[in-house]
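The next block is data.txt, given as compact mmCIF, N, CA and C atoms.
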# COMPACT_ATOMS: atom_id res chain seq x y z
N MET A 1 -108.35 -4.29 124.05
CA MET A 1 -107.60 -3.05 123.87
C MET A 1 -106.46 -2.99 124.87
N SER A 2 -105.27 -2.79 124.38
CA SER A 2 -104.14 -2.71 125.30
C SER A 2 -103.54 -1.31 125.27
N GLN A 3 -103.03 -0.91 126.41
CA GLN A 3 -102.45 0.43 126.52
C GLN A 3 -100.98 0.35 126.93
N VAL A 4 -100.21 1.29 126.42
CA VAL A 4 -98.80 1.40 126.81
C VAL A 4 -98.53 2.86 127.17
N LEU A 5 -97.94 3.05 128.34
CA LEU A 5 -97.51 4.40 128.73
C LEU A 5 -96.08 4.59 128.24
N GLU A 6 -95.85 5.62 127.45
CA GLU A 6 -94.52 5.90 126.94
C GLU A 6 -93.98 7.18 127.58
N MET A 7 -92.83 7.07 128.24
CA MET A 7 -92.19 8.24 128.85
C MET A 7 -90.93 8.54 128.05
N LYS A 8 -90.88 9.73 127.48
CA LYS A 8 -89.75 10.08 126.62
C LYS A 8 -88.83 11.08 127.31
N PHE A 9 -87.53 10.79 127.23
CA PHE A 9 -86.52 11.64 127.87
C PHE A 9 -85.52 12.13 126.84
N ASP A 10 -85.03 13.34 127.06
CA ASP A 10 -83.92 13.85 126.25
C ASP A 10 -82.61 13.41 126.89
N THR A 11 -81.65 13.04 126.06
CA THR A 11 -80.34 12.65 126.58
C THR A 11 -79.33 13.75 126.31
N ALA A 12 -78.19 13.64 127.01
CA ALA A 12 -77.16 14.67 126.89
C ALA A 12 -76.58 14.77 125.48
N ASN A 13 -76.75 13.71 124.67
CA ASN A 13 -76.23 13.79 123.29
C ASN A 13 -77.33 14.11 122.28
N GLY A 14 -78.43 14.71 122.78
CA GLY A 14 -79.46 15.20 121.88
C GLY A 14 -80.39 14.14 121.31
N LYS A 15 -80.37 12.93 121.90
CA LYS A 15 -81.28 11.88 121.44
C LYS A 15 -82.47 11.80 122.40
N THR A 16 -83.44 10.99 122.03
CA THR A 16 -84.59 10.76 122.89
C THR A 16 -84.65 9.27 123.19
N ILE A 17 -84.84 8.93 124.45
CA ILE A 17 -85.10 7.51 124.72
C ILE A 17 -86.46 7.37 125.39
N THR A 18 -87.09 6.24 125.11
CA THR A 18 -88.44 5.99 125.61
C THR A 18 -88.40 4.86 126.62
N ILE A 19 -89.02 5.09 127.75
CA ILE A 19 -89.18 4.04 128.75
C ILE A 19 -90.68 3.80 128.85
N SER A 20 -91.12 2.59 128.52
CA SER A 20 -92.56 2.38 128.47
C SER A 20 -93.03 1.36 129.50
N VAL A 21 -94.28 1.49 129.85
CA VAL A 21 -94.91 0.62 130.85
C VAL A 21 -96.18 0.06 130.22
N ASN A 22 -96.25 -1.25 130.12
CA ASN A 22 -97.45 -1.89 129.57
C ASN A 22 -98.57 -1.86 130.61
N ASP A 23 -99.80 -1.81 130.15
CA ASP A 23 -100.98 -1.83 131.03
C ASP A 23 -100.85 -0.84 132.19
N PRO A 24 -100.73 0.46 131.89
CA PRO A 24 -100.64 1.43 132.98
C PRO A 24 -101.93 1.46 133.80
N LYS A 25 -101.75 1.84 135.05
CA LYS A 25 -102.87 1.97 135.98
C LYS A 25 -103.87 2.98 135.39
N PRO A 26 -105.16 2.66 135.38
CA PRO A 26 -106.12 3.63 134.84
C PRO A 26 -106.15 4.90 135.69
N GLY A 27 -106.33 6.02 135.04
CA GLY A 27 -106.50 7.29 135.77
C GLY A 27 -105.23 7.90 136.31
N LEU A 28 -104.07 7.50 135.78
CA LEU A 28 -102.81 8.13 136.22
C LEU A 28 -102.84 9.62 135.89
N THR A 29 -102.34 10.44 136.80
CA THR A 29 -102.30 11.87 136.53
C THR A 29 -100.94 12.29 135.98
N GLY A 30 -100.91 13.44 135.36
CA GLY A 30 -99.65 13.98 134.85
C GLY A 30 -98.64 14.16 135.96
N ALA A 31 -99.12 14.52 137.16
CA ALA A 31 -98.22 14.73 138.30
C ALA A 31 -97.57 13.42 138.72
N GLU A 32 -98.36 12.33 138.74
CA GLU A 32 -97.81 11.03 139.13
C GLU A 32 -96.74 10.57 138.14
N ILE A 33 -97.06 10.72 136.85
CA ILE A 33 -96.12 10.28 135.81
C ILE A 33 -94.86 11.14 135.85
N SER A 34 -95.05 12.45 136.00
CA SER A 34 -93.92 13.36 136.04
C SER A 34 -93.00 13.07 137.22
N SER A 35 -93.60 12.69 138.35
CA SER A 35 -92.81 12.40 139.54
C SER A 35 -91.96 11.14 139.33
N VAL A 36 -92.51 10.12 138.67
CA VAL A 36 -91.73 8.92 138.38
C VAL A 36 -90.63 9.24 137.37
N MET A 37 -90.95 10.10 136.38
CA MET A 37 -89.92 10.49 135.40
C MET A 37 -88.77 11.22 136.11
N GLN A 38 -89.12 12.04 137.10
CA GLN A 38 -88.09 12.75 137.87
C GLN A 38 -87.22 11.76 138.63
N THR A 39 -87.86 10.75 139.25
CA THR A 39 -87.11 9.71 139.97
C THR A 39 -86.15 9.00 139.02
N ILE A 40 -86.64 8.67 137.83
CA ILE A 40 -85.80 7.97 136.85
C ILE A 40 -84.58 8.83 136.50
N MET A 41 -84.81 10.14 136.33
CA MET A 41 -83.67 11.02 136.02
C MET A 41 -82.73 11.18 137.21
N ASP A 42 -83.30 11.36 138.40
CA ASP A 42 -82.49 11.59 139.60
C ASP A 42 -81.60 10.39 139.93
N GLN A 43 -82.14 9.19 139.74
CA GLN A 43 -81.38 7.99 140.11
C GLN A 43 -80.30 7.65 139.09
N ASP A 44 -80.39 8.24 137.90
CA ASP A 44 -79.32 8.11 136.91
C ASP A 44 -78.96 6.66 136.60
N VAL A 45 -80.01 5.85 136.38
CA VAL A 45 -79.79 4.43 136.10
C VAL A 45 -79.65 4.17 134.59
N PHE A 46 -80.40 4.95 133.81
CA PHE A 46 -80.38 4.73 132.36
C PHE A 46 -79.50 5.76 131.65
N HIS A 47 -78.73 5.28 130.72
CA HIS A 47 -77.91 6.13 129.88
C HIS A 47 -78.14 5.74 128.43
N HIS A 48 -77.86 6.66 127.53
CA HIS A 48 -77.84 6.29 126.12
C HIS A 48 -76.43 6.45 125.61
N GLU A 49 -75.78 5.33 125.35
CA GLU A 49 -74.37 5.32 124.91
C GLU A 49 -73.51 6.23 125.79
N GLY A 50 -73.70 6.11 127.10
CA GLY A 50 -72.88 6.87 128.04
C GLY A 50 -73.40 8.27 128.35
N ASN A 51 -74.54 8.64 127.75
CA ASN A 51 -75.09 9.97 127.98
C ASN A 51 -76.30 9.90 128.90
N ALA A 52 -76.30 10.73 129.92
CA ALA A 52 -77.38 10.71 130.92
C ALA A 52 -78.67 11.30 130.36
N LEU A 53 -79.77 11.01 131.05
CA LEU A 53 -81.05 11.62 130.73
C LEU A 53 -81.07 13.01 131.37
N ILE A 54 -81.33 14.03 130.57
CA ILE A 54 -81.23 15.39 131.11
C ILE A 54 -82.56 16.14 131.14
N GLY A 55 -83.61 15.57 130.55
CA GLY A 55 -84.88 16.28 130.59
C GLY A 55 -86.06 15.40 130.22
N LYS A 56 -87.23 15.82 130.73
CA LYS A 56 -88.46 15.11 130.36
C LYS A 56 -88.92 15.69 129.04
N ASN A 57 -89.12 14.85 128.07
CA ASN A 57 -89.54 15.31 126.75
C ASN A 57 -91.06 15.24 126.62
N GLN A 58 -91.63 14.10 126.96
CA GLN A 58 -93.05 13.89 126.71
C GLN A 58 -93.51 12.61 127.40
N ALA A 59 -94.80 12.54 127.73
CA ALA A 59 -95.39 11.28 128.17
C ALA A 59 -96.70 11.10 127.42
N ARG A 60 -96.97 9.89 127.00
CA ARG A 60 -98.23 9.65 126.29
C ARG A 60 -98.69 8.23 126.52
N ILE A 61 -99.98 8.03 126.41
CA ILE A 61 -100.54 6.69 126.52
C ILE A 61 -101.02 6.27 125.14
N VAL A 62 -100.47 5.17 124.68
CA VAL A 62 -100.78 4.67 123.33
C VAL A 62 -101.71 3.48 123.47
N GLU A 63 -102.79 3.52 122.71
CA GLU A 63 -103.76 2.41 122.74
C GLU A 63 -103.69 1.62 121.45
N ARG A 64 -103.82 0.33 121.61
CA ARG A 64 -103.82 -0.53 120.43
C ARG A 64 -105.12 -1.32 120.42
N ASN A 65 -105.84 -1.22 119.34
CA ASN A 65 -107.09 -1.97 119.20
C ASN A 65 -106.88 -3.13 118.25
N ILE A 66 -107.31 -4.30 118.66
CA ILE A 66 -107.16 -5.46 117.80
C ILE A 66 -108.56 -5.99 117.48
N THR A 67 -108.87 -6.04 116.22
CA THR A 67 -110.13 -6.62 115.79
C THR A 67 -109.82 -7.82 114.92
N GLU A 68 -110.26 -8.97 115.37
CA GLU A 68 -109.98 -10.16 114.58
C GLU A 68 -110.93 -10.20 113.39
N VAL A 69 -110.37 -10.55 112.25
CA VAL A 69 -111.16 -10.60 111.02
C VAL A 69 -111.48 -12.05 110.69
N THR A 70 -112.73 -12.32 110.39
CA THR A 70 -113.11 -13.68 109.99
C THR A 70 -112.69 -13.89 108.54
N LEU A 71 -111.90 -14.93 108.34
CA LEU A 71 -111.41 -15.17 106.98
C LEU A 71 -112.49 -15.87 106.16
N ALA A 72 -112.74 -15.34 104.98
CA ALA A 72 -113.79 -15.90 104.13
C ALA A 72 -113.34 -17.24 103.55
N MET B 1 -52.91 -9.99 131.75
CA MET B 1 -54.00 -10.24 132.68
C MET B 1 -55.35 -9.97 132.01
N ALA B 2 -56.28 -10.86 132.19
CA ALA B 2 -57.60 -10.70 131.58
C ALA B 2 -58.46 -9.75 132.41
N THR B 3 -59.31 -9.01 131.75
CA THR B 3 -60.20 -8.10 132.47
C THR B 3 -61.62 -8.23 131.92
N PHE B 4 -62.58 -7.83 132.73
CA PHE B 4 -63.96 -7.76 132.28
C PHE B 4 -64.22 -6.36 131.74
N ASN B 5 -64.87 -6.31 130.60
CA ASN B 5 -65.17 -5.03 129.98
C ASN B 5 -66.69 -4.91 129.82
N PHE B 6 -67.26 -3.96 130.55
CA PHE B 6 -68.72 -3.80 130.56
C PHE B 6 -69.27 -3.61 129.14
N GLN B 7 -70.30 -4.35 128.80
CA GLN B 7 -70.94 -4.21 127.48
C GLN B 7 -72.30 -3.52 127.61
N ASN B 8 -73.19 -4.14 128.36
CA ASN B 8 -74.51 -3.55 128.57
C ASN B 8 -75.18 -4.20 129.76
N ALA B 9 -76.25 -3.56 130.23
CA ALA B 9 -77.01 -4.12 131.35
C ALA B 9 -78.48 -3.86 131.09
N THR B 10 -79.31 -4.76 131.60
CA THR B 10 -80.76 -4.62 131.43
C THR B 10 -81.46 -4.86 132.76
N LEU B 11 -82.65 -4.30 132.87
CA LEU B 11 -83.51 -4.57 134.02
C LEU B 11 -84.76 -5.26 133.51
N LYS B 12 -85.16 -6.32 134.20
CA LYS B 12 -86.38 -7.02 133.81
C LYS B 12 -87.35 -6.97 134.99
N ILE B 13 -88.51 -6.40 134.75
CA ILE B 13 -89.51 -6.27 135.81
C ILE B 13 -90.67 -7.21 135.51
N SER B 14 -91.02 -8.06 136.46
CA SER B 14 -92.15 -8.99 136.28
C SER B 14 -93.32 -8.54 137.14
N TYR B 15 -94.50 -8.63 136.53
CA TYR B 15 -95.74 -8.27 137.21
C TYR B 15 -96.63 -9.49 137.28
N GLU B 16 -97.41 -9.55 138.34
CA GLU B 16 -98.38 -10.64 138.45
C GLU B 16 -99.71 -10.14 137.89
N THR B 17 -100.12 -10.71 136.75
CA THR B 17 -101.31 -10.21 136.07
C THR B 17 -102.57 -10.99 136.42
N GLY B 18 -102.42 -12.09 137.15
CA GLY B 18 -103.58 -12.89 137.54
C GLY B 18 -103.14 -14.27 137.97
N VAL B 19 -104.08 -15.18 138.08
CA VAL B 19 -103.74 -16.56 138.41
C VAL B 19 -104.39 -17.50 137.39
N ASP B 20 -103.73 -18.61 137.10
CA ASP B 20 -104.31 -19.58 136.15
C ASP B 20 -105.27 -20.52 136.86
N GLU B 21 -105.82 -21.50 136.11
CA GLU B 21 -106.84 -22.41 136.68
C GLU B 21 -106.28 -23.19 137.86
N ALA B 22 -104.96 -23.47 137.82
CA ALA B 22 -104.34 -24.23 138.89
C ALA B 22 -103.97 -23.33 140.09
N GLY B 23 -104.31 -22.05 140.00
CA GLY B 23 -104.01 -21.14 141.10
C GLY B 23 -102.59 -20.60 141.07
N LYS B 24 -101.85 -20.91 139.98
CA LYS B 24 -100.48 -20.40 139.88
C LYS B 24 -100.49 -18.99 139.31
N PRO B 25 -99.61 -18.13 139.81
CA PRO B 25 -99.60 -16.76 139.30
C PRO B 25 -99.19 -16.68 137.83
N VAL B 26 -99.86 -15.80 137.11
CA VAL B 26 -99.51 -15.52 135.72
C VAL B 26 -98.68 -14.24 135.71
N LEU B 27 -97.50 -14.31 135.08
CA LEU B 27 -96.60 -13.16 135.09
C LEU B 27 -96.46 -12.53 133.71
N ALA B 28 -96.27 -11.24 133.69
CA ALA B 28 -95.92 -10.54 132.45
C ALA B 28 -94.68 -9.74 132.77
N SER B 29 -93.71 -9.72 131.86
CA SER B 29 -92.49 -9.00 132.17
C SER B 29 -92.14 -8.00 131.09
N LYS B 30 -91.31 -7.06 131.49
CA LYS B 30 -90.88 -6.00 130.58
C LYS B 30 -89.39 -5.77 130.84
N THR B 31 -88.62 -5.71 129.77
CA THR B 31 -87.18 -5.55 129.90
C THR B 31 -86.75 -4.16 129.45
N TYR B 32 -85.89 -3.53 130.22
CA TYR B 32 -85.39 -2.19 129.91
C TYR B 32 -83.90 -2.24 129.61
N ASN B 33 -83.55 -1.73 128.45
CA ASN B 33 -82.13 -1.66 128.06
C ASN B 33 -81.54 -0.34 128.55
N ASN B 34 -80.32 -0.07 128.12
CA ASN B 34 -79.67 1.21 128.41
C ASN B 34 -79.40 1.44 129.89
N VAL B 35 -79.21 0.36 130.65
CA VAL B 35 -78.84 0.52 132.06
C VAL B 35 -77.33 0.73 132.09
N ARG B 36 -76.89 1.75 132.82
CA ARG B 36 -75.47 2.07 132.79
C ARG B 36 -74.67 1.18 133.74
N GLU B 37 -73.37 1.34 133.65
CA GLU B 37 -72.46 0.58 134.49
C GLU B 37 -72.46 1.16 135.90
N ASN B 38 -72.14 0.32 136.90
CA ASN B 38 -71.95 0.77 138.28
C ASN B 38 -73.15 1.43 138.93
N VAL B 39 -74.35 0.94 138.65
CA VAL B 39 -75.52 1.47 139.37
C VAL B 39 -75.59 0.78 140.72
N THR B 40 -76.12 1.48 141.71
CA THR B 40 -76.25 0.85 143.02
C THR B 40 -77.63 0.19 143.14
N SER B 41 -77.73 -0.75 144.07
CA SER B 41 -79.01 -1.44 144.26
C SER B 41 -80.08 -0.45 144.73
N THR B 42 -79.66 0.57 145.47
CA THR B 42 -80.61 1.59 145.95
C THR B 42 -81.19 2.37 144.78
N GLN B 43 -80.33 2.76 143.84
CA GLN B 43 -80.79 3.50 142.66
C GLN B 43 -81.75 2.64 141.84
N VAL B 44 -81.36 1.38 141.60
CA VAL B 44 -82.19 0.49 140.79
C VAL B 44 -83.53 0.25 141.49
N ALA B 45 -83.50 0.05 142.79
CA ALA B 45 -84.74 -0.21 143.53
C ALA B 45 -85.70 0.97 143.42
N ALA B 46 -85.16 2.20 143.53
CA ALA B 46 -86.01 3.39 143.45
C ALA B 46 -86.66 3.49 142.07
N VAL B 47 -85.88 3.21 141.03
CA VAL B 47 -86.41 3.29 139.67
C VAL B 47 -87.47 2.21 139.44
N ILE B 48 -87.19 1.00 139.89
CA ILE B 48 -88.14 -0.10 139.68
C ILE B 48 -89.44 0.17 140.43
N GLN B 49 -89.33 0.65 141.66
CA GLN B 49 -90.56 0.93 142.41
C GLN B 49 -91.35 2.06 141.77
N GLY B 50 -90.63 3.03 141.21
CA GLY B 50 -91.29 4.11 140.50
C GLY B 50 -92.04 3.61 139.28
N ILE B 51 -91.35 2.85 138.45
CA ILE B 51 -91.97 2.33 137.23
C ILE B 51 -93.15 1.42 137.58
N ALA B 52 -92.94 0.55 138.57
CA ALA B 52 -94.00 -0.40 138.94
C ALA B 52 -95.23 0.32 139.50
N SER B 53 -95.03 1.51 140.08
CA SER B 53 -96.16 2.25 140.65
C SER B 53 -97.10 2.75 139.54
N LEU B 54 -96.62 2.76 138.30
CA LEU B 54 -97.45 3.20 137.18
C LEU B 54 -98.21 2.05 136.54
N SER B 55 -97.86 0.83 136.93
CA SER B 55 -98.49 -0.34 136.32
C SER B 55 -99.80 -0.68 137.00
N ASN B 56 -100.69 -1.26 136.22
CA ASN B 56 -101.97 -1.69 136.77
C ASN B 56 -101.82 -2.97 137.60
N TYR B 57 -100.66 -3.64 137.48
CA TYR B 57 -100.46 -4.93 138.14
C TYR B 57 -99.38 -4.84 139.21
N PRO B 58 -99.47 -5.69 140.24
CA PRO B 58 -98.45 -5.65 141.30
C PRO B 58 -97.10 -6.20 140.85
N LEU B 59 -96.05 -5.59 141.34
CA LEU B 59 -94.68 -6.04 141.06
C LEU B 59 -94.47 -7.42 141.64
N SER B 60 -93.89 -8.32 140.84
CA SER B 60 -93.63 -9.67 141.34
C SER B 60 -92.14 -9.88 141.60
N ALA B 61 -91.30 -9.50 140.66
CA ALA B 61 -89.85 -9.69 140.82
C ALA B 61 -89.12 -8.78 139.86
N ALA B 62 -87.85 -8.54 140.15
CA ALA B 62 -87.04 -7.72 139.25
C ALA B 62 -85.64 -8.32 139.16
N LEU B 63 -85.08 -8.29 137.95
CA LEU B 63 -83.75 -8.85 137.72
C LEU B 63 -82.87 -7.83 137.02
N LYS B 64 -81.61 -7.80 137.40
CA LYS B 64 -80.65 -7.00 136.62
C LYS B 64 -79.66 -7.96 135.98
N THR B 65 -79.46 -7.82 134.68
CA THR B 65 -78.53 -8.67 133.95
C THR B 65 -77.43 -7.79 133.37
N GLU B 66 -76.19 -8.19 133.61
CA GLU B 66 -75.07 -7.41 133.10
C GLU B 66 -74.23 -8.29 132.19
N THR B 67 -73.87 -7.78 131.04
CA THR B 67 -73.03 -8.52 130.10
C THR B 67 -71.65 -7.87 130.05
N GLU B 68 -70.64 -8.67 130.26
CA GLU B 68 -69.27 -8.16 130.23
C GLU B 68 -68.45 -8.99 129.25
N GLU B 69 -67.64 -8.32 128.51
CA GLU B 69 -66.73 -9.00 127.60
C GLU B 69 -65.45 -9.32 128.36
N ILE B 70 -64.88 -10.47 128.09
CA ILE B 70 -63.60 -10.81 128.71
C ILE B 70 -62.48 -10.44 127.74
N GLN B 71 -61.64 -9.55 128.23
CA GLN B 71 -60.52 -9.12 127.39
C GLN B 71 -59.24 -9.79 127.82
N PHE B 72 -58.58 -10.39 126.86
CA PHE B 72 -57.36 -11.16 127.17
C PHE B 72 -56.11 -10.31 127.00
Can the structure from this file be put into structure tokens for me?
Amino acid sequence: MSQVLEMKFDTANGKTITISVNDPKPGLTGAEISSVMQTIMDQDVFHHEGNALIGKNQARIVERNITEVTLA
Amino acid sequence: MATFNFQNATLKISYETGVDEAGKPVLASKTYNNVRENVTSTQVAAVIQGIASLSNYPLSAALKTETEEIQF
């Protein structure tokens, strides 16, 4: 089972961009994730077509389960 | 006079996920698009350390790649 942390931001042109982290540390709190999202916004490193990130939209952890099927 | 025209930039973060039978580190990397022009190393370092703090694996290396078009 693999997990991906997805952090979604609103951009100044009304779009959403996702910054994801594979294999997030187990037991991350909302405060820890929110603080990193704030750092990402404050440092102003990512833009979408010249538009800055202006707000935290959402954070979620997505799990993917892989079950191998025996071929008959 | 020819000039460089910024096209895009990416950040690639590598994590050490373990070691192989020969004792060599096994790396997993993740690339982030939408990096804007003229970011400082301080800004990039803060963002990378923030993102890496959410990962279950230790940060191994980080690269910034910038693509510029040459205009004649």
*Going by DSSP on the backbone, which bits of region 5-38 of chain A are helix (DSSP H, G or I)? Write them as an NGL selection string, please.*
:A and (30-38)
_6 Å contact set for region 2-10 of chain A, only N, CA and C atoms, chain neighbours under 5 positions out, as a list of chain:residue names_ = A:Lys15, A:Thr16, A:Ile17, A:Thr18, A:Ile19, A:Ser20, A:Val21, A:Asn22, A:Asp23, A:Pro24, A:Ala52, A:Leu53, A:Ile54, A:Gly55, A:Lys56, A:Asn57, A:Gln58, A:Ala59, A:Arg60, A:Ile61, A:Val62, A:Glu63, A:Arg64, A:Asn65
Prev. selection, N, CA and C atoms, output as a CSV table (one decimal), in the frame of the given file:
chain,number,residue,atom,x,y,z
A,15,LYS,N,-80.4,12.9,121.9
A,15,LYS,CA,-81.3,11.9,121.4
A,15,LYS,C,-82.5,11.8,122.4
A,16,THR,N,-83.4,11.0,122.0
A,16,THR,CA,-84.6,10.8,122.9
A,16,THR,C,-84.6,9.3,123.2
A,17,ILE,N,-84.8,8.9,124.4
A,17,ILE,CA,-85.1,7.5,124.7
A,17,ILE,C,-86.5,7.4,125.4
A,18,THR,N,-87.1,6.2,125.1
A,18,THR,CA,-88.4,6.0,125.6
A,18,THR,C,-88.4,4.9,126.6
A,19,ILE,N,-89.0,5.1,127.8
A,19,ILE,CA,-89.2,4.0,128.8
A,19,ILE,C,-90.7,3.8,128.8
A,20,SER,N,-91.1,2.6,128.5
A,20,SER,CA,-92.6,2.4,128.5
A,20,SER,C,-93.0,1.4,129.5
A,21,VAL,N,-94.3,1.5,129.8
A,21,VAL,CA,-94.9,0.6,130.8
A,21,VAL,C,-96.2,0.1,130.2
A,22,ASN,N,-96.2,-1.2,130.1
A,22,ASN,CA,-97.4,-1.9,129.6
A,22,ASN,C,-98.6,-1.9,130.6
A,23,ASP,N,-99.8,-1.8,130.2
A,23,ASP,CA,-101.0,-1.8,131.0
A,23,ASP,C,-100.8,-0.8,132.2
A,24,PRO,N,-100.7,0.5,131.9
A,24,PRO,CA,-100.6,1.4,133.0
A,24,PRO,C,-101.9,1.5,133.8
A,52,ALA,N,-76.3,10.7,129.9
A,52,ALA,CA,-77.4,10.7,130.9
A,52,ALA,C,-78.7,11.3,130.4
A,53,LEU,N,-79.8,11.0,131.0
A,53,LEU,CA,-81.0,11.6,130.7
A,53,LEU,C,-81.1,13.0,131.4
A,54,ILE,N,-81.3,14.0,130.6
A,54,ILE,CA,-81.2,15.4,131.1
A,54,ILE,C,-82.6,16.1,131.1
A,55,GLY,N,-83.6,15.6,130.6
A,55,GLY,CA,-84.9,16.3,130.6
A,55,GLY,C,-86.1,15.4,130.2
A,56,LYS,N,-87.2,15.8,130.7
A,56,LYS,CA,-88.5,15.1,130.4
A,56,LYS,C,-88.9,15.7,129.0
A,57,ASN,N,-89.1,14.8,128.1
A,57,ASN,CA,-89.5,15.3,126.8
A,57,ASN,C,-91.1,15.2,126.6
A,58,GLN,N,-91.6,14.1,127.0
A,58,GLN,CA,-93.0,13.9,126.7
A,58,GLN,C,-93.5,12.6,127.4
A,59,ALA,N,-94.8,12.5,127.7
A,59,ALA,CA,-95.4,11.3,128.2
A,59,ALA,C,-96.7,11.1,127.4
A,60,ARG,N,-97.0,9.9,127.0
A,60,ARG,CA,-98.2,9.6,126.3
A,60,ARG,C,-98.7,8.2,126.5
A,61,ILE,N,-100.0,8.0,126.4
A,61,ILE,CA,-100.5,6.7,126.5
A,61,ILE,C,-101.0,6.3,125.1
A,62,VAL,N,-100.5,5.2,124.7
A,62,VAL,CA,-100.8,4.7,123.3
A,62,VAL,C,-101.7,3.5,123.5
A,63,GLU,N,-102.8,3.5,122.7
A,63,GLU,CA,-103.8,2.4,122.7
A,63,GLU,C,-103.7,1.6,121.4
A,64,ARG,N,-103.8,0.3,121.6
A,64,ARG,CA,-103.8,-0.5,120.4
A,64,ARG,C,-105.1,-1.3,120.4
A,65,ASN,N,-105.8,-1.2,119.3
A,65,ASN,CA,-107.1,-2.0,119.2
A,65,ASN,C,-106.9,-3.1,118.2
_chain A contacts on chain B, only C-alpha atoms, 9 Å, as number ranges by chain_ = B: 30, 32-40, 42-44, 46-48, 50-57
_Shell around region 3-18 of chain B at 6 Å using all atoms listed in the file, local window under 6 positions removed, as number ranges by chain_ = B: 24-36, 57-72
*Could you check how far atom N of Ala31 (chain A) sits from atom N of Asn13 (chain A), in Å to one decimal?*
25.6 Å
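A straight line drawn from atom N of Ser34 (chain A) to CA of Ile66 (chain A) is 28.3 Å long.
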Return as JSON the box centre and box size in Å, one decimal, for an axis-aligned box around all listed atoms of region 11-25 of chain B padded by 6 Å per side.
{"center_x": -94.7, "center_y": -14.3, "center_z": 137.0, "size_x": 36.2, "size_y": 31.9, "size_z": 20.2}
*Per DSSP on the backbone, what are the strand (DSSP E) residues of chain B, as an MDAnalysis selection string?*
chainID B and resid 3:19 25:35 59:71
